[in-house]
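Trainee: Supplied structure: final27.cif, mmCIF, C-alpha atoms.
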```
data_data
#
loop_
_atom_site.label_atom_id
_atom_site.label_comp_id
_atom_site.auth_asym_id
_atom_site.auth_seq_id
_atom_site.Cartn_x
_atom_site.Cartn_y
_atom_site.Cartn_z
CA MET A 661 -23.04 -3.35 11.91
CA HIS A 662 -20.28 -0.71 11.76
CA GLU A 663 -21.28 2.69 10.38
CA LEU A 664 -19.10 4.79 8.08
CA LEU A 665 -20.68 8.18 7.37
CA VAL A 666 -19.34 10.32 4.51
CA LEU A 667 -20.47 13.94 4.52
CA GLY A 668 -20.36 15.26 0.96
CA GLY A 669 -21.01 13.53 -2.35
CA GLY A 670 -18.55 15.53 -4.42
CA THR A 671 -15.27 14.33 -5.88
CA ALA A 672 -13.51 13.25 -2.69
CA GLY A 673 -16.59 11.87 -0.91
CA THR A 674 -17.73 9.83 -3.90
CA MET A 675 -14.27 8.32 -4.43
CA VAL A 676 -13.98 7.45 -0.73
CA ALA A 677 -17.35 5.69 -0.71
CA ASN A 678 -16.76 3.81 -3.96
CA LYS A 679 -13.25 2.65 -3.11
CA LEU A 680 -14.14 1.58 0.42
CA ARG A 681 -17.27 -0.25 -0.71
CA ARG A 682 -14.91 -2.60 -2.56
CA ARG A 683 -12.58 -2.99 0.42
CA LEU A 684 -14.97 -3.22 3.38
CA GLU A 685 -17.02 -6.34 4.07
CA PRO A 686 -20.65 -5.36 3.26
CA ASP A 687 -22.00 -7.60 6.02
CA LEU A 688 -19.89 -5.70 8.56
CA TRP A 689 -19.83 -2.11 7.30
CA CYS A 690 -22.67 0.18 6.23
CA ILE A 691 -21.51 3.18 4.16
CA THR A 692 -23.74 6.25 3.95
CA VAL A 693 -23.13 9.38 1.87
CA VAL A 694 -24.97 12.61 2.71
CA ASP A 695 -25.36 15.61 0.43
CA GLN A 696 -27.82 18.47 0.10
CA ASP A 697 -28.90 17.62 -3.46
CA ASP A 698 -28.65 15.00 -6.19
CA GLU A 699 -26.55 17.03 -8.66
CA HIS A 700 -22.91 16.10 -9.09
CA HIS A 701 -20.99 18.78 -10.98
CA TYR A 702 -17.75 18.35 -12.90
CA GLN A 703 -16.41 21.61 -11.56
CA PRO A 704 -13.42 22.04 -13.93
CA GLY A 705 -16.06 22.30 -16.65
CA TYR A 706 -17.29 25.58 -15.17
CA LEU A 707 -14.30 27.26 -16.83
CA GLN A 708 -15.53 26.26 -20.29
CA VAL A 709 -19.10 27.49 -19.87
CA PRO A 710 -18.40 31.25 -20.19
CA PHE A 711 -16.75 30.72 -23.58
CA GLY A 712 -19.44 28.44 -24.96
CA THR A 713 -17.17 25.39 -25.20
CA ALA A 714 -19.26 23.54 -22.63
CA ASP A 715 -22.94 23.68 -21.81
CA PRO A 716 -24.30 23.54 -18.23
CA ALA A 717 -25.83 20.15 -19.03
CA ASP A 718 -22.38 18.82 -19.97
CA VAL A 719 -21.02 19.22 -16.44
CA THR A 720 -23.98 17.88 -14.42
CA ARG A 721 -25.03 14.33 -13.57
CA SER A 722 -26.97 12.64 -10.81
CA ARG A 723 -25.00 12.14 -7.58
CA HIS A 724 -26.59 8.83 -6.64
CA ALA A 725 -25.80 7.44 -10.10
CA GLN A 726 -22.09 8.00 -9.40
CA ILE A 727 -22.21 6.13 -6.10
CA ALA A 728 -21.60 2.39 -5.99
CA ASP A 729 -24.33 -0.15 -5.36
CA GLY A 730 -24.41 -1.00 -1.68
CA VAL A 731 -23.78 2.60 -0.57
CA ARG A 732 -26.74 4.43 0.95
CA PHE A 733 -27.31 7.97 -0.31
CA VAL A 734 -29.17 10.45 1.90
CA THR A 735 -30.32 13.84 0.63
CA GLY A 736 -30.35 16.49 3.33
CA THR A 737 -28.68 19.59 4.73
CA ILE A 738 -26.19 19.02 7.55
CA ASP A 739 -26.89 20.99 10.70
CA VAL A 740 -24.20 19.86 13.13
CA VAL A 741 -21.78 17.08 14.02
CA ASP A 742 -21.98 15.96 17.64
CA ALA A 743 -18.55 14.42 18.05
CA GLU A 744 -19.19 13.27 21.64
CA ARG A 745 -22.30 11.31 20.70
CA ARG A 746 -20.93 10.32 17.29
CA GLU A 747 -24.00 11.68 15.57
CA VAL A 748 -24.75 13.99 12.66
CA ARG A 749 -27.99 15.95 12.75
CA LEU A 750 -29.66 17.18 9.58
CA THR A 751 -31.83 20.29 9.44
CA ASP A 752 -34.96 18.17 8.95
CA GLY A 753 -34.35 16.47 12.30
CA THR A 754 -32.81 13.27 10.94
CA VAL A 755 -30.04 11.88 13.15
CA LEU A 756 -27.34 9.69 11.61
CA ALA A 757 -25.03 7.74 13.90
CA TYR A 758 -21.47 6.88 12.92
CA GLU A 759 -18.51 4.87 14.08
CA GLN A 760 -16.17 6.60 11.64
CA LEU A 761 -16.86 9.95 9.97
CA VAL A 762 -15.34 11.40 6.79
CA ILE A 763 -15.95 15.10 6.13
CA ALA A 764 -15.72 15.81 2.40
CA THR A 765 -18.00 18.81 2.01
CA GLY A 766 -15.50 20.88 0.06
CA THR A 767 -15.28 24.64 -0.16
CA SER A 768 -17.50 27.29 -1.72
CA PRO A 769 -17.35 30.98 -2.70
CA ARG A 770 -18.59 33.59 -0.23
CA PRO A 771 -18.99 36.84 -2.16
CA ASP A 772 -20.89 38.43 0.72
CA ALA A 773 -17.69 38.35 2.80
CA THR A 774 -16.19 41.25 0.80
CA PRO A 775 -17.83 44.64 1.47
CA GLY A 776 -19.56 46.02 -1.60
CA LEU A 777 -19.01 42.95 -3.77
CA THR A 778 -22.66 41.91 -3.78
CA GLY A 779 -23.98 45.45 -4.17
CA GLU A 780 -25.72 47.02 -7.17
CA LEU A 781 -23.13 45.77 -9.68
CA TRP A 782 -23.28 42.13 -8.60
CA GLN A 783 -24.32 39.89 -11.52
CA HIS A 784 -24.39 42.94 -13.81
CA SER A 785 -20.79 44.06 -14.26
CA ILE A 786 -19.41 41.80 -11.49
CA HIS A 787 -19.43 38.03 -12.06
CA GLU A 788 -17.82 34.79 -10.90
CA PHE A 789 -17.36 31.35 -12.45
CA TYR A 790 -16.95 29.21 -9.31
CA THR A 791 -20.59 28.15 -9.44
CA LEU A 792 -22.46 26.78 -12.43
CA ALA A 793 -25.06 29.53 -12.21
CA GLY A 794 -22.30 32.15 -12.05
CA ALA A 795 -20.45 30.68 -15.03
CA THR A 796 -23.68 30.68 -17.04
CA ARG A 797 -24.40 34.33 -16.25
CA LEU A 798 -20.80 35.20 -17.12
CA ARG A 799 -21.26 33.63 -20.56
CA GLU A 800 -24.05 36.11 -21.22
CA ALA A 801 -21.98 39.02 -19.86
CA LEU A 802 -18.97 38.16 -22.06
CA GLY A 803 -21.25 38.01 -25.08
CA ARG A 804 -22.30 41.62 -24.41
CA PHE A 805 -18.79 42.86 -23.60
CA GLY A 806 -16.46 43.87 -26.41
CA ARG A 807 -14.74 47.02 -25.21
CA GLY A 808 -13.35 48.32 -21.92
CA ARG A 809 -11.47 47.14 -18.84
CA LEU A 810 -11.72 43.46 -17.92
CA VAL A 811 -10.36 42.74 -14.45
CA VAL A 812 -9.83 39.17 -13.24
CA HIS A 813 -9.48 39.21 -9.46
CA ILE A 814 -8.65 36.81 -6.62
CA THR A 815 -9.92 37.91 -3.23
CA GLU A 816 -7.80 35.71 -0.97
CA MET A 817 -6.13 32.32 -0.79
CA PRO A 818 -6.78 29.43 -0.47
CA ILE A 819 -9.23 28.92 -3.32
CA LYS A 820 -10.55 25.89 -5.14
CA CYS A 821 -8.37 25.15 -8.18
CA PRO A 822 -5.89 28.01 -7.69
CA VAL A 823 -4.83 28.01 -11.36
CA ALA A 824 -8.39 28.54 -12.62
CA PRO A 825 -8.31 32.39 -12.47
CA LEU A 826 -5.14 32.39 -14.56
CA GLU A 827 -6.72 29.91 -16.99
CA PHE A 828 -9.75 32.15 -17.33
CA THR A 829 -7.49 35.13 -18.05
CA PHE A 830 -5.60 33.29 -20.81
CA LEU A 831 -8.81 31.94 -22.33
CA ALA A 832 -10.48 35.36 -22.24
CA GLU A 833 -7.49 36.96 -23.96
CA ALA A 834 -7.59 34.35 -26.73
CA TRP A 835 -11.39 34.62 -26.98
CA PHE A 836 -11.37 38.39 -27.47
CA ARG A 837 -8.51 38.06 -29.93
CA GLY A 838 -10.48 35.51 -31.91
CA ARG A 839 -13.45 37.89 -32.06
CA GLY A 840 -11.26 40.75 -33.29
CA GLN A 841 -11.86 42.70 -30.07
CA ARG A 842 -8.55 42.29 -28.28
CA ASP A 843 -7.24 45.79 -29.00
CA ALA A 844 -10.40 47.24 -27.48
CA VAL A 845 -10.17 45.20 -24.24
CA GLU A 846 -7.67 46.00 -21.50
CA ILE A 847 -7.03 42.96 -19.29
CA THR A 848 -5.71 43.16 -15.72
CA TYR A 849 -5.00 40.18 -13.47
CA VAL A 850 -5.25 41.12 -9.78
CA THR A 851 -3.84 38.82 -7.11
CA PRO A 852 -3.12 39.04 -3.37
CA LEU A 853 0.06 37.04 -4.03
CA SER A 854 3.48 38.29 -5.11
CA GLY A 855 2.93 37.23 -8.73
CA ALA A 856 0.81 35.25 -11.14
CA PHE A 857 3.31 32.39 -10.68
CA THR A 858 4.72 32.40 -7.18
CA ARG A 859 7.19 29.51 -7.31
CA PRO A 860 10.59 30.69 -8.63
CA ILE A 861 11.13 28.21 -11.46
CA ALA A 862 7.56 28.46 -12.72
CA ALA A 863 7.71 32.27 -12.53
CA GLU A 864 10.94 32.36 -14.52
CA ARG A 865 9.70 30.00 -17.22
CA LEU A 866 6.10 31.15 -17.53
CA GLY A 867 6.02 34.82 -16.58
CA HIS A 868 6.57 35.84 -20.20
CA LEU A 869 3.18 34.42 -21.16
CA LEU A 870 1.39 37.35 -19.56
CA ASP A 871 3.78 39.93 -21.00
CA GLU A 872 3.40 38.52 -24.51
CA ARG A 873 -0.39 38.68 -24.22
CA LYS A 874 -0.27 42.24 -22.85
CA ILE A 875 -1.97 41.22 -19.62
CA HIS A 876 -1.19 43.61 -16.79
CA VAL A 877 -0.58 41.98 -13.41
CA GLU A 878 -1.37 43.78 -10.16
CA THR A 879 0.29 41.95 -7.27
CA ASP A 880 -0.01 42.05 -3.46
CA PHE A 881 -3.52 43.49 -3.83
CA VAL A 882 -5.65 42.71 -0.79
CA VAL A 883 -9.13 44.01 -1.49
CA GLU A 884 -10.81 46.04 1.25
CA HIS A 885 -14.05 46.79 -0.58
CA VAL A 886 -15.71 47.26 -3.96
CA ASP A 887 -16.79 50.80 -4.77
CA ASP A 888 -20.03 50.58 -6.74
CA GLU A 889 -20.05 54.28 -7.67
CA LEU A 890 -16.52 54.16 -9.11
CA SER A 891 -16.85 50.58 -10.43
CA ALA A 892 -13.52 49.83 -8.80
CA LEU A 893 -11.68 47.48 -6.48
CA VAL A 894 -10.12 49.26 -3.50
CA SER A 895 -7.24 47.66 -1.57
CA TYR A 896 -6.28 48.09 2.07
CA ASP A 897 -3.24 50.12 0.97
CA GLY A 898 -5.44 52.55 -0.97
CA ARG A 899 -4.87 51.34 -4.52
CA THR A 900 -7.87 51.58 -6.83
CA ILE A 901 -8.45 49.39 -9.88
CA PRO A 902 -11.39 50.47 -12.07
CA PHE A 903 -13.29 47.95 -14.17
CA ASP A 904 -16.00 47.73 -16.76
CA LEU A 905 -16.32 43.97 -16.25
CA LEU A 906 -15.03 42.34 -13.07
CA VAL A 907 -14.59 38.57 -12.94
CA THR A 908 -13.82 37.83 -9.32
CA VAL A 909 -12.95 34.78 -7.29
CA PRO A 910 -14.66 35.46 -3.95
CA LEU A 911 -13.34 34.34 -0.62
CA ASN A 912 -13.58 30.54 -0.37
CA MET A 913 -14.74 28.88 2.85
CA GLY A 914 -15.63 25.45 4.12
CA ALA A 915 -19.13 24.41 5.17
CA ASP A 916 -20.89 26.32 7.94
CA PHE A 917 -21.75 23.16 9.90
CA VAL A 918 -18.01 22.65 10.44
CA ALA A 919 -17.91 25.88 12.45
CA ARG A 920 -21.11 25.06 14.33
CA SER A 921 -19.61 21.70 15.26
CA GLY A 922 -16.40 23.20 16.62
CA LEU A 923 -14.33 21.30 14.08
CA GLY A 924 -12.96 24.09 11.88
CA ASP A 925 -10.47 26.94 11.64
CA ASP A 926 -11.32 30.55 10.80
CA LEU A 927 -12.29 29.56 7.23
CA ASN A 928 -14.26 26.46 8.31
CA TYR A 929 -11.59 24.02 7.12
CA VAL A 930 -10.97 21.01 9.35
CA PRO A 931 -7.44 20.93 10.80
CA VAL A 932 -5.98 17.51 10.05
CA ASP A 933 -2.74 15.61 10.05
CA PRO A 934 -1.48 16.49 6.52
CA GLU A 935 -0.23 12.94 5.92
CA THR A 936 -3.19 10.89 7.22
CA PHE A 937 -6.16 13.36 7.17
CA LEU A 938 -7.16 12.40 10.72
CA ALA A 939 -8.82 15.42 12.35
CA ARG A 940 -6.77 16.99 15.11
CA GLY A 941 -7.99 15.81 18.51
CA HIS A 942 -10.18 13.00 17.13
CA ASP A 943 -9.62 9.34 16.38
CA ASP A 944 -12.91 8.78 14.51
CA ILE A 945 -13.13 11.84 12.23
CA PHE A 946 -11.25 12.41 8.96
CA ALA A 947 -11.47 15.32 6.54
CA ILE A 948 -10.41 14.92 2.94
CA GLY A 949 -10.42 16.93 -0.26
CA ASP A 950 -11.12 20.66 -0.09
CA ALA A 951 -12.71 20.37 3.37
CA SER A 952 -9.35 19.91 5.10
CA ASP A 953 -6.65 22.45 5.86
CA ILE A 954 -3.76 20.56 4.24
CA PRO A 955 -1.20 23.02 2.81
CA THR A 956 -1.53 22.19 -0.86
CA SER A 957 -3.89 23.03 -3.72
CA LYS A 958 -7.61 22.54 -3.29
CA ALA A 959 -7.90 20.62 -6.55
CA GLY A 960 -9.40 17.43 -7.94
CA SER A 961 -5.99 15.87 -8.47
CA VAL A 962 -5.18 16.35 -4.79
CA ALA A 963 -8.45 14.66 -3.86
CA HIS A 964 -7.62 11.74 -6.15
CA PHE A 965 -4.11 11.18 -4.80
CA ALA A 966 -5.23 11.82 -1.22
CA VAL A 967 -8.06 9.27 -1.40
CA ASP A 968 -5.64 6.61 -2.65
CA VAL A 969 -3.54 7.16 0.47
CA PHE A 970 -6.53 7.53 2.77
CA VAL A 971 -8.16 4.22 1.86
CA ASP A 972 -5.17 2.10 2.86
CA ASN A 973 -4.69 4.11 6.04
CA PHE A 974 -8.38 3.84 6.94
CA LEU A 975 -8.28 0.05 6.69
CA GLU A 976 -5.29 -0.02 9.03
CA HIS A 977 -6.98 2.45 11.38
CA ILE A 978 -10.20 0.49 11.85
CA ALA A 979 -8.13 -2.67 12.37
CA GLY A 980 -6.44 -0.97 15.30
CA ARG A 981 -3.07 -0.68 13.58
CA PRO A 982 -0.92 2.43 13.04
CA MET A 983 -1.51 4.22 9.74
CA THR A 984 1.65 3.60 7.71
CA HIS A 985 0.90 5.53 4.50
CA ALA A 986 1.75 9.24 4.22
CA PHE A 987 0.34 11.72 1.72
CA ASP A 988 3.04 13.99 0.29
CA GLY A 989 0.79 16.78 -0.96
CA HIS A 990 0.94 15.64 -4.59
CA ALA A 991 -0.90 17.94 -7.00
CA ASN A 992 -1.06 17.75 -10.78
CA CYS A 993 -2.76 20.58 -12.67
CA PHE A 994 -3.36 21.45 -16.29
CA VAL A 995 -3.48 25.17 -17.08
CA GLU A 996 -5.26 26.11 -20.30
CA SER A 997 -3.33 28.92 -21.95
CA GLY A 998 -5.49 29.55 -25.03
CA ASP A 999 -5.03 28.82 -28.73
CA GLY A 1000 -5.42 25.07 -28.20
CA LYS A 1001 -2.47 24.80 -25.83
CA ALA A 1002 -2.04 24.12 -22.12
CA LEU A 1003 0.59 23.96 -19.41
CA LEU A 1004 1.08 21.15 -16.93
CA ILE A 1005 2.48 21.45 -13.41
CA ASP A 1006 3.29 18.66 -10.95
CA PHE A 1007 4.40 19.33 -7.36
CA ASN A 1008 3.94 18.40 -3.70
CA TYR A 1009 4.45 19.75 -0.19
CA GLU A 1010 8.22 19.97 -0.58
CA VAL A 1011 8.96 20.17 -4.32
CA GLU A 1012 7.96 23.14 -6.48
CA PRO A 1013 6.81 22.68 -10.09
CA LEU A 1014 9.77 21.60 -12.21
CA PRO A 1015 10.35 21.21 -15.96
CA GLY A 1016 10.51 17.77 -17.52
CA ARG A 1017 8.27 15.07 -18.94
CA PHE A 1018 5.13 13.45 -17.52
CA PRO A 1019 4.10 10.78 -16.72
CA LEU A 1020 6.96 8.81 -18.31
CA PRO A 1021 10.58 10.02 -18.17
CA PHE A 1022 11.88 11.13 -21.59
CA LEU A 1023 8.75 9.83 -23.36
CA GLY A 1024 6.13 12.03 -21.73
CA PRO A 1025 4.01 12.49 -23.76
CA MET A 1026 3.25 15.61 -21.75
CA THR A 1027 5.71 18.39 -21.03
CA LEU A 1028 5.93 20.16 -17.69
CA LEU A 1029 6.10 23.97 -17.46
CA GLU A 1030 5.68 24.36 -21.20
CA GLU A 1031 2.77 25.25 -23.49
CA THR A 1032 1.93 22.30 -25.75
CA ARG A 1033 -0.94 20.96 -27.80
CA ILE A 1034 -0.66 17.52 -26.16
CA ASN A 1035 -1.17 19.07 -22.73
CA HIS A 1036 -4.37 20.67 -24.01
CA LEU A 1037 -5.56 17.35 -25.41
CA GLY A 1038 -4.79 15.73 -22.07
CA LYS A 1039 -7.06 18.19 -20.30
CA GLN A 1040 -9.75 17.73 -22.96
CA ALA A 1041 -9.69 13.98 -22.27
CA PHE A 1042 -10.01 14.42 -18.54
CA PRO A 1043 -13.82 14.69 -18.25
CA TRP A 1044 -14.15 11.12 -19.60
CA ILE A 1045 -11.51 9.94 -17.14
CA TYR A 1046 -13.27 11.76 -14.31
CA TRP A 1047 -16.71 10.24 -14.89
CA ASN A 1048 -15.56 6.75 -15.89
CA VAL A 1049 -12.39 6.10 -13.91
CA LEU A 1050 -11.83 8.48 -10.99
CA LEU A 1051 -15.34 8.79 -9.55
CA PRO A 1052 -16.10 5.05 -9.76
CA GLY A 1053 -12.85 4.46 -7.86
CA ARG A 1054 -11.17 2.47 -10.60
CA PRO A 1055 -7.36 2.40 -10.57
CA LEU A 1056 -5.52 5.01 -12.62
CA PRO A 1057 -1.89 4.20 -13.51
CA LEU A 1058 -0.49 7.20 -11.68
CA PRO A 1059 1.18 6.83 -8.27
CA ALA A 1060 -0.31 8.81 -5.39
CA ALA A 1061 3.16 10.00 -4.40
CA MET A 1062 4.89 12.48 -6.67
CA SER A 1063 7.73 10.99 -8.69
CA MET A 1064 10.91 12.87 -9.56
CA ALA A 1065 11.41 10.66 -12.61
CA GLY A 1066 11.50 12.78 -15.75
CA LYS A 1067 11.91 16.06 -13.84
CA HIS A 1068 14.98 18.20 -13.42
CA ALA A 1069 15.76 21.25 -11.38
CA PRO A 1070 17.38 23.82 -13.69
CA HIS A 1071 20.81 25.00 -12.67
CA PRO A 1072 22.04 28.52 -13.44
CA THR A 1073 24.79 27.08 -15.59
CA ASP A 1074 22.47 24.94 -17.69
CA PRO A 1075 22.30 26.09 -21.32
CA GLU A 1076 18.50 26.38 -20.95
CA GLU A 1077 18.96 28.97 -18.24
CA GLU A 1078 21.53 31.13 -20.04
#
```
Now, as a test, write the supplied structure out as structure tokens.
Mentor:
Amino acid sequence: MHELLVLGGGTAGTMVANKLRRRLEPDLWCITVVDQDDEHHYQPGYLQVPFGTADPADVTRSRHAQIADGVRFVTGTIDVVDAERREVRLTDGTVLAYEQLVIATGTSPRPDATPGLTGELWQHSIHEFYTLAGATRLREALGRFGRGRLVVHITEMPIKCPVAPLEFTFLAEAWFRGRGQRDAVEITYVTPLSGAFTRPIAAERLGHLLDERKIHVETDFVVEHVDDELSALVSYDGRTIPFDLLVTVPLNMGADFVARSGLGDDLNYVPVDPETFLARGHDDIFAIGDASDIPTSKAGSVAHFAVDVFVDNFLEHIAGRPMTHAFDGHANCFVESGDGKALLIDFNYEVEPLPGRFPLPFLGPMTLLEETRINHLGKQAFPWIYWNVLLPGRPLPLPAAMSMAGKHAPHPTDPEEE
């Protein structure tokens, strides 16, 4: 019996197991998924919890219930991967052998990596929404906060769902406005990047959204430490940003066992071929989803498109044939902008977000790089799609490769650009 071991029962790991269970002969291949607990979280839902539009129970289901019949699920904490012996050891002493290994253990926030962040103000006037517990505490903090300086801060890239901090900022602005408190709340968006939107076309078309909402943007801010006494962020270049409520996105890192196993980079992400996800220097280890170092967004859409490519390649790989399918870095992200509207961006390794229609040329119904109600409704519908289509590994009528159909690159002489 051949052994396929999938480390991580999140979005990418669950889709890999479910899709391959349909494609691999059950009498020949045993598929095992390992995770530390039996709670599968719909992580985009974390963003709704602080504003009371989703409850913690709405974003949580059993992991094993999402995994196909015929796939073994093991609950345990991973200690180390022994690549020479083709074994994975768990902290309870369990040893799991593999013929092929897929690392899909994602990424997680590490607030303790920033000096002062987890000091006296942590979980009092400093909060995060990248965990369910953090998002729940933030809901309580927002309910108490109606006046002062709200700072939304990104520590460093890459982060899971890189548009989420901007979404939170837009939603917070609309939330305070709806409560009649907006004039009493000063909002600052702090980023280590050169702007809130870093790609030229997106920046040109969407930058006005922050100006119109009177959201100050502090760019190129690389935090050195948090000063508890001043209640302020302090950058390496000496800038100081005071806050009354800080909503931070801590440094994101991959799983610690990746480092212990000698498989990761400085942030514990597994270096892989960006087209096939095969780990560098290995012919029996893949990393997919947020666990890899591919140079695109760490987002659920990337996991979805990547798994579609991976499955066909994996079948060729175990048959001893060259992998002929190449992932292009396709990412597709909704950005809630408040007031029942959302943006939609679609891009890949080579092509920046462009205006146009999605998924059908001319018809849409969704519009790229533009606030619309239909984009918001599309995002609202996504949880059902996630639980009932994506996770079970059912086909979704969207190609894994990004299509240029319906998109156009604005030209300086176009009337839209004048």
Trainee: What's around Ile978 (chain A) at 10 Å? Count only C-alpha atoms, leave out sequence neighbours fewer than 5 positions away in its own chain, and write the answer as a PyMOL selection string.
Mentor: chain A and resi 759-760+943-944+973+983
Trainee: I need the residue nearest Lys874 (chain A) from this list: A:Val731, A:Phe805, A:Thr829, A:Thr858. Use only C-alpha atoms for the distance.
Mentor: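 Once distances to Lys874 (chain A) are computed over only C-alpha atoms, the minimum belongs to A:Thr829.
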Trainee: What does the distance between CA of Leu826 (chain A) and CA of Pro1059 (chain A) come to in Å, to one decimal place?
Mentor: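 It comes out at 27.1 Å.
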Trainee: Do you know which residues are at most 10 Å from Glu800 (chain A) counting all atoms listed in the file, after dropping those on the same chain fewer than 3 positions away, and could you put them as a count of residues only?
Mentor: 9
Trainee: Selected by the PyMOL selection byres ((chain A and resi 1034) around 10) in the shown coordinates: which residues, as a PyMOL selection string?
Mentor: chain A and resi 1000-1003+1024-1027+1031-1033+1035-1040
Trainee: With only C-alpha atoms as the basis for distance, which of A:Asp950, A:Glu685, A:Asp888, A:Glu878 is at the shortest distance from Thr851 (chain A)?
Mentor: A:Glu878
Trainee: Find the residues near His813 (chain A): any atom within 9 Å, counting only C-alpha atoms, skip ones fewer than 3 places away on the same chain, and give them as a ChimeraX atom specification.
Mentor: /A:825,848-852,906-910
Trainee: What separation in Å, quoted to one decimal, exists between CA of Leu853 (chain A) and CA of Met1062 (chain A)?
Mentor: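 The value is 25.2 Å.
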Trainee: Just give me the gap between CA of Cys993 (chain A) and CA of Ser961 (chain A) in Å, one decimal is fine.
Mentor: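 Taking CA of Cys993 (chain A) and CA of Ser961 (chain A), their separation equals 7.1 Å.
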Trainee: Find, counting only C-alpha atoms, the residue in A:Val918, A:Cys821, A:Leu1056, A:Ala1061 that gets nearest to Phe1042 (chain A).
Mentor: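 Comparing A:Val918, A:Cys821, A:Leu1056, A:Ala1061 against Phe1042 (chain A), the winner is A:Leu1056.
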Trainee: Go through A:Ala834, A:Ile819, A:Leu1050, A:Ala717 and flag the residue nearest Gly670 (chain A), using only C-alpha atoms for the distances.
Mentor: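 Nearest candidate to Gly670 (chain A) out of A:Ala834, A:Ile819, A:Leu1050, A:Ala717: A:Leu1050.
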Trainee: Which residues, named as in the file, does the PyMOL selection byres ((chain A and resi 673-679) around 10) pick out? Answer as a PyMOL selection string.
Mentor: chain A and resi 664-672+680-684+691-695+700+723-724+726-732+762-766+947-949+963-964+966-968+970-971+1049-1055
Trainee: With the file shown as input, list the residues that the PyMOL selection byres ((chain A and resi 831) around 12) selects, as a PyMOL selection string.
Mentor: chain A and resi 707-713+802+812+824-830+832-838+842+847+870+873+875+995-1002
Trainee: Take the selection from the previous step and output its residues with C-alpha atoms, as a PDB file, keeping the file's coordinate frame.
Mentor:
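again13.pdb, written as the output of this step:
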```
ATOM      1  CA  LEU A 707     -14.300  27.260 -16.830  1.00  0.00           C
ATOM      2  CA  GLN A 708     -15.530  26.260 -20.290  1.00  0.00           C
ATOM      3  CA  VAL A 709     -19.100  27.490 -19.870  1.00  0.00           C
ATOM      4  CA  PRO A 710     -18.400  31.250 -20.190  1.00  0.00           C
ATOM      5  CA  PHE A 711     -16.750  30.720 -23.580  1.00  0.00           C
ATOM      6  CA  GLY A 712     -19.440  28.440 -24.960  1.00  0.00           C
ATOM      7  CA  THR A 713     -17.170  25.390 -25.200  1.00  0.00           C
ATOM      8  CA  LEU A 802     -18.970  38.160 -22.060  1.00  0.00           C
ATOM      9  CA  VAL A 812      -9.830  39.170 -13.240  1.00  0.00           C
ATOM     10  CA  ALA A 824      -8.390  28.540 -12.620  1.00  0.00           C
ATOM     11  CA  PRO A 825      -8.310  32.390 -12.470  1.00  0.00           C
ATOM     12  CA  LEU A 826      -5.140  32.390 -14.560  1.00  0.00           C
ATOM     13  CA  GLU A 827      -6.720  29.910 -16.990  1.00  0.00           C
ATOM     14  CA  PHE A 828      -9.750  32.150 -17.330  1.00  0.00           C
ATOM     15  CA  THR A 829      -7.490  35.130 -18.050  1.00  0.00           C
ATOM     16  CA  PHE A 830      -5.600  33.290 -20.810  1.00  0.00           C
ATOM     17  CA  ALA A 832     -10.480  35.360 -22.240  1.00  0.00           C
ATOM     18  CA  GLU A 833      -7.490  36.960 -23.960  1.00  0.00           C
ATOM     19  CA  ALA A 834      -7.590  34.350 -26.730  1.00  0.00           C
ATOM     20  CA  TRP A 835     -11.390  34.620 -26.980  1.00  0.00           C
ATOM     21  CA  PHE A 836     -11.370  38.390 -27.470  1.00  0.00           C
ATOM     22  CA  ARG A 837      -8.510  38.060 -29.930  1.00  0.00           C
ATOM     23  CA  GLY A 838     -10.480  35.510 -31.910  1.00  0.00           C
ATOM     24  CA  ARG A 842      -8.550  42.290 -28.280  1.00  0.00           C
ATOM     25  CA  ILE A 847      -7.030  42.960 -19.290  1.00  0.00           C
ATOM     26  CA  LEU A 870       1.390  37.350 -19.560  1.00  0.00           C
ATOM     27  CA  ARG A 873      -0.390  38.680 -24.220  1.00  0.00           C
ATOM     28  CA  ILE A 875      -1.970  41.220 -19.620  1.00  0.00           C
ATOM     29  CA  VAL A 995      -3.480  25.170 -17.080  1.00  0.00           C
ATOM     30  CA  GLU A 996      -5.260  26.110 -20.300  1.00  0.00           C
ATOM     31  CA  SER A 997      -3.330  28.920 -21.950  1.00  0.00           C
ATOM     32  CA  GLY A 998      -5.490  29.550 -25.030  1.00  0.00           C
ATOM     33  CA  ASP A 999      -5.030  28.820 -28.730  1.00  0.00           C
ATOM     34  CA  GLY A1000      -5.420  25.070 -28.200  1.00  0.00           C
ATOM     35  CA  LYS A1001      -2.470  24.800 -25.830  1.00  0.00           C
ATOM     36  CA  ALA A1002      -2.040  24.120 -22.120  1.00  0.00           C
TER      37      ALA A1002
END
```
